[in-house]
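Structure record follows, encoded as structure tokens.
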Amino acid sequence: MSDNDGKKTLGLRGGSHSGNVKQSFSHGRTKNVVVETKRKRVVVPKTGAAGGAKGSGGGSHGGSGKRPAGISDSEMERRLRALQAAKAREAEEAAQREAEEKARAEERERLRAEKEQKEREQREAEERAKAKAEEEARKAREAAEAAEAAKKADAAPKKAAGAAGNDAAAGPARAGGAPASAKPAAQPQRKAEREREERGRSARGRDDGARRSGKLTLNQALGGEGGRQKSMAAMKRKQERARQKAMGGSQQREKVVRDVQLPEAITVAELANRMAERVADVVKSLMQSGIMATQNQSIDADTAELIIEEFGHRVTRVSDADVEDVIKIEEDKPEDLQARPPVITIMGHVDHGKTSLLDAIRNANVTSGEAGGITQHIGAYQVTTDSGAVLSFLDTPGHAAFTSMRSRGAQVTDIVVLVVAADDAVMPQTVEAISHAKAAGVPMIVAINKCDKPDANPTKVRTDLLQHEVVVEEMSGDVQDVEVSAKTGKGLDALLEAIALQAEILELKANPDRAAQGAVIEAQLDVGRGPVATVLVQNGTLRQGDIFVVGEQYGKVRALINDKGERVQEAGPSVPVEVLGLNGTPEAGDVLNVTETEAQAREIAEYRAHVSKEKRAAAGAATTLEQLMQKAKDDESVSELPVIVKADVQGSTEAIVQALEKVGNDEVRVRVIHSGVGAITETDIGLAEASGCPVIGFNVRANAPARNGANQKGVEIRYYSVIYDLVDDVKAAASGLLSNEIRENFIGYANIKEVFKVSNVGKVAGCLVTEGVARRSAGVRLLRDNVVIHEGTLKTLKRFKDEVAEVQSGQECGMAFENYDDIRPNDVIEIFEREEVERSL
């Protein structure tokens, strides 16, 4: 018995089909392709097979006739489950489709009902308008007929009297004429009635047709044949027109006169927008005035004013500076003010222990992190005392170069703590700090530091301060003074008490519930975070997400970081925070103001940048030809040392540029070509190569492309971390541009005794060296009656008949001058040597 028992071999019905397909291409090209079609066998288990599989109890031979061979029970169950899931999914999809279809049908029905309602309302309005018009026409007709009848009644007696003498034949003719004249008057009336009936029938027919039209098509549902639905505004306009028509004609809408703010230049589209007029109308009006302008082109204020007046609006001229009016500086109500922490600035001479004192108060260690142990940035910190009082401290640099930073610190502060070293007394920057505090009008507390040193003399500090009109309490004055030691911690509590007492006297208050305003203490360009500004909030509360403008920059507060490096959501009055989210690095000392929109902030920043650019151009430009010539003449005699300065923070950049501009004299000066914040870049190297100058990096480094570029182009990059070293090196470099000083050393005098004439030589003076020594290589002057007659060199210096190099004092010699013969007895010859001495600034 064979395996298949006489059955056909398992295979696809019809097998694979193949055929030729002819492809046609351009230019008459063709191609024959053989295409073969195959069918895929899909095994679908029957319901009986499923039952058999279950009944078999998992045996391998029980269901061999009811399911495909080679399929296990688990596989069969999995397929059945999949089949059931597919059926359930199909049933669910069918139910969903049915629900959607039902919803669509309801929506169509609703749209049709709305449309019919609108059409009905429109028809009713039209019929009312027609009825009213017909009523008015009928009344007018009746009035005309009444007037005509009255006229005829007046004319009848006259006609009767005139016709009495006529013959009898004329009577019937006139009598027949009366109905003929009345006939034309009745004809228009019947014609109008006929037209009205026809219109009513056609309207009813349209209505019946619309009602009996059966199913609603998609185009009808979407609002007409075009498949485009009318907007709500169009529908409202249509209804308004119908209502006005029904009420008896359209009424002219009253024109709204607007106050249009007009800047110095405005685009046509913006002008139309401010007037609430169509752009096309404004362009048309400009064309009529002879100005061809598109909607994106700008027009000047005078032209715009003419257009505004032509459209009947009022003009309000505004200047570019008015953009800053959005920053409202308003007085706070007394009930809104709340107590705020005092802002204390620590000032004094360099190395008198300002930062160490602040470290001792904060229990931190900042000095070790500063290069050279001196502060070169303004640091802002908050300290909470043991009594719970919060104090905001600003630590300023003491070096002479940081004058502007100290000045800035004094301007934003409430109390100045003047640190004076007990072993060093009052120094130049101490005096400068006193001046800044007095100029700012803020109270001062004197902290006499380093009292732990053996050579400390606090009394000398107090007496020295008297010279600068600072009278401390021990000297019967009103300025508090505290003896402290940052090293041992002595007197720190007393200092904090003195600060708290002074703050209590000042009664410092601010309104936290308003738009923030603050001062930029420091700004820098951070590699990972972008431009970062250290801001001391002075009024209001600065929150994350606020849009602000600061100087020529603007931005949105992306993050606020306090002095401990923690992220905070908001910063109230007297709180120093780092602000991230600027579009550029602001200047230290700029004021931060919060605005309502980003557009306002951008507009203010762009206006300020434009004004600043114009100021710089005006300051550097020579306005007249004479000034230009004078500048060129001045620059001819001055040697310049150009430099490019890049620093880590804005305050340091400012201090370095100011310090370098002071280096030099009438012959030499340092010119800072470019200064900025952040790493040294390829752009800086390119500028340095073009200018032939070095690049100075202060606490910054060059990036890899800039280093490679500097090596290739031979540009020198100098790195510094202490401002002293930087200024000293630049001074030394500038000193190299100075011409050497030539000094004269007098080495001898000789008196002329006799003058001899020698052939081939000329006149020779017989001299006696009276002082010093006479050298042939030295310079000589001829003095007659102590007046210089000639200055030059010697041609010969002889002793007896021999040429010698020098002649000592008390000896006789012969001298002859180069190219000069006017020598006489008793003249004096002055002998000197020149030497060049290098100069320094």
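Identifiers in the structure tokens: chain A, B, ... in order shown; residue index from 1 per chain; ligand index from 1 in order shown.
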>> For segment 767-774 of chain A, find every residue with an atom within 10 Å (counting only C-alpha atoms), except residues of its own chain fewer than 3 positions away, and show them as a ChimeraX atom specification.
In response: /A:746-755,764,777-780,797,805-815,825-832
> For Glu836 of chain A, which residue out of A:Asn457, A:Thr463, A:Asn745, A:Ser298 is the nearest one, using only C-alpha atoms?
Replying inline: A:Asn745
> Of the candidates A:Ala588, A:Val611, A:Ala447, A:Ala617, which shows the shortest atom-to-atom distance to Glu654 of chain A, using only C-alpha atoms?
Replying inline: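 When distances to Glu654 of chain A are compared using only C-alpha atoms, the smallest one comes from A:Ala588.
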>> Quick one: residues within 8 Å of segment 128-145 of chain A, only C-alpha atoms, excluding same-chain residues fewer than 4 positions away - as a list in words?
In response: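 So the residues in contact are Glu124, Ala149, Lys245, Ala246, Met247 and Gly248 of chain A.
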Output of the above residues as a compact mmCIF listing (two decimals), in the first residue's frame, restricted to C-alpha atoms:
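Just written: again_7.txt:
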# COMPACT_ATOMS: atom_id res chain seq x y z
CA GLU A 124 -38.82 84.57 5.94
CA ALA A 149 -58.62 111.04 -9.66
CA LYS A 245 -32.37 95.02 4.43
CA ALA A 246 -35.47 93.94 6.36
CA MET A 247 -35.27 97.09 8.51
CA GLY A 248 -35.29 99.25 5.42
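Nearest-residue note for Gly489 of chain A: choosing from A:Asn593, A:Thr384, A:Asn449, A:Gln467, the minimum distance belongs to A:Asn449, counting only C-alpha atoms.
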> Got a sec to tell me which of segment 395-509 of chain A DSSP assigns to strand (DSSP E), as a ChimeraX atom specification?
Replying inline: /A:395,415-421,444-449,480-483,509
Restricted to C-alpha atoms, what would the selected residues look like written as a PDB file, in the first residue's frame?
ATOM      1  CA  ASP A 395      34.070  91.310  48.737  1.00  0.00           C
ATOM      2  CA  ILE A 415      27.062  99.509  54.771  1.00  0.00           C
ATOM      3  CA  VAL A 416      30.817  99.639  54.055  1.00  0.00           C
ATOM      4  CA  VAL A 417      33.194  97.661  56.288  1.00  0.00           C
ATOM      5  CA  LEU A 418      36.601  99.306  55.913  1.00  0.00           C
ATOM      6  CA  VAL A 419      39.333  96.759  56.703  1.00  0.00           C
ATOM      7  CA  VAL A 420      42.635  98.286  57.844  1.00  0.00           C
ATOM      8  CA  ALA A 421      45.613  96.173  58.940  1.00  0.00           C
ATOM      9  CA  MET A 444      31.094 103.004  57.422  1.00  0.00           C
ATOM     10  CA  ILE A 445      32.350 100.515  60.045  1.00  0.00           C
ATOM     11  CA  VAL A 446      36.132 100.281  60.558  1.00  0.00           C
ATOM     12  CA  ALA A 447      37.441  96.753  61.143  1.00  0.00           C
ATOM     13  CA  ILE A 448      41.034  96.944  62.464  1.00  0.00           C
ATOM     14  CA  ASN A 449      42.385  93.550  61.347  1.00  0.00           C
ATOM     15  CA  GLN A 480      32.029 102.348  64.760  1.00  0.00           C
ATOM     16  CA  ASP A 481      35.388 100.579  64.997  1.00  0.00           C
ATOM     17  CA  VAL A 482      36.048  96.964  65.957  1.00  0.00           C
ATOM     18  CA  GLU A 483      39.386  95.248  66.600  1.00  0.00           C
ATOM     19  CA  LYS A 509      12.931  97.872  53.306  1.00  0.00           C
TER      20      LYS A 509
END
>> For a quick check of understanding, using only C-alpha atoms, which of A:Ala704, A:Met427, A:Lys662, A:Val645 has the smallest distance to Ala688 of chain A?
In response: A:Val645
> Smallest atom-to-atom distance to Gly348 of chain A: which of A:Asp648, A:Glu432, A:Glu119, A:Asp336, using only C-alpha atoms?
Replying inline: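 Going through A:Asp648, A:Glu432, A:Glu119, A:Asp336 one by one, the smallest distance to Gly348 of chain A is for A:Glu432.
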>> At a cut-off of 9 Å, using only C-alpha atoms, what residues contact Val557 of chain A? Leave out same-chain residues fewer than 2 positions from it and give the result as a list in words.
In response: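 Once the adjacent positions are removed, what remains is Leu542, Arg543, Gln544, Gly545, Asp546, Ile547, Phe548, Gly555, Ala559, Leu560, Val579, Leu580, Gly581 and Leu582 of chain A.
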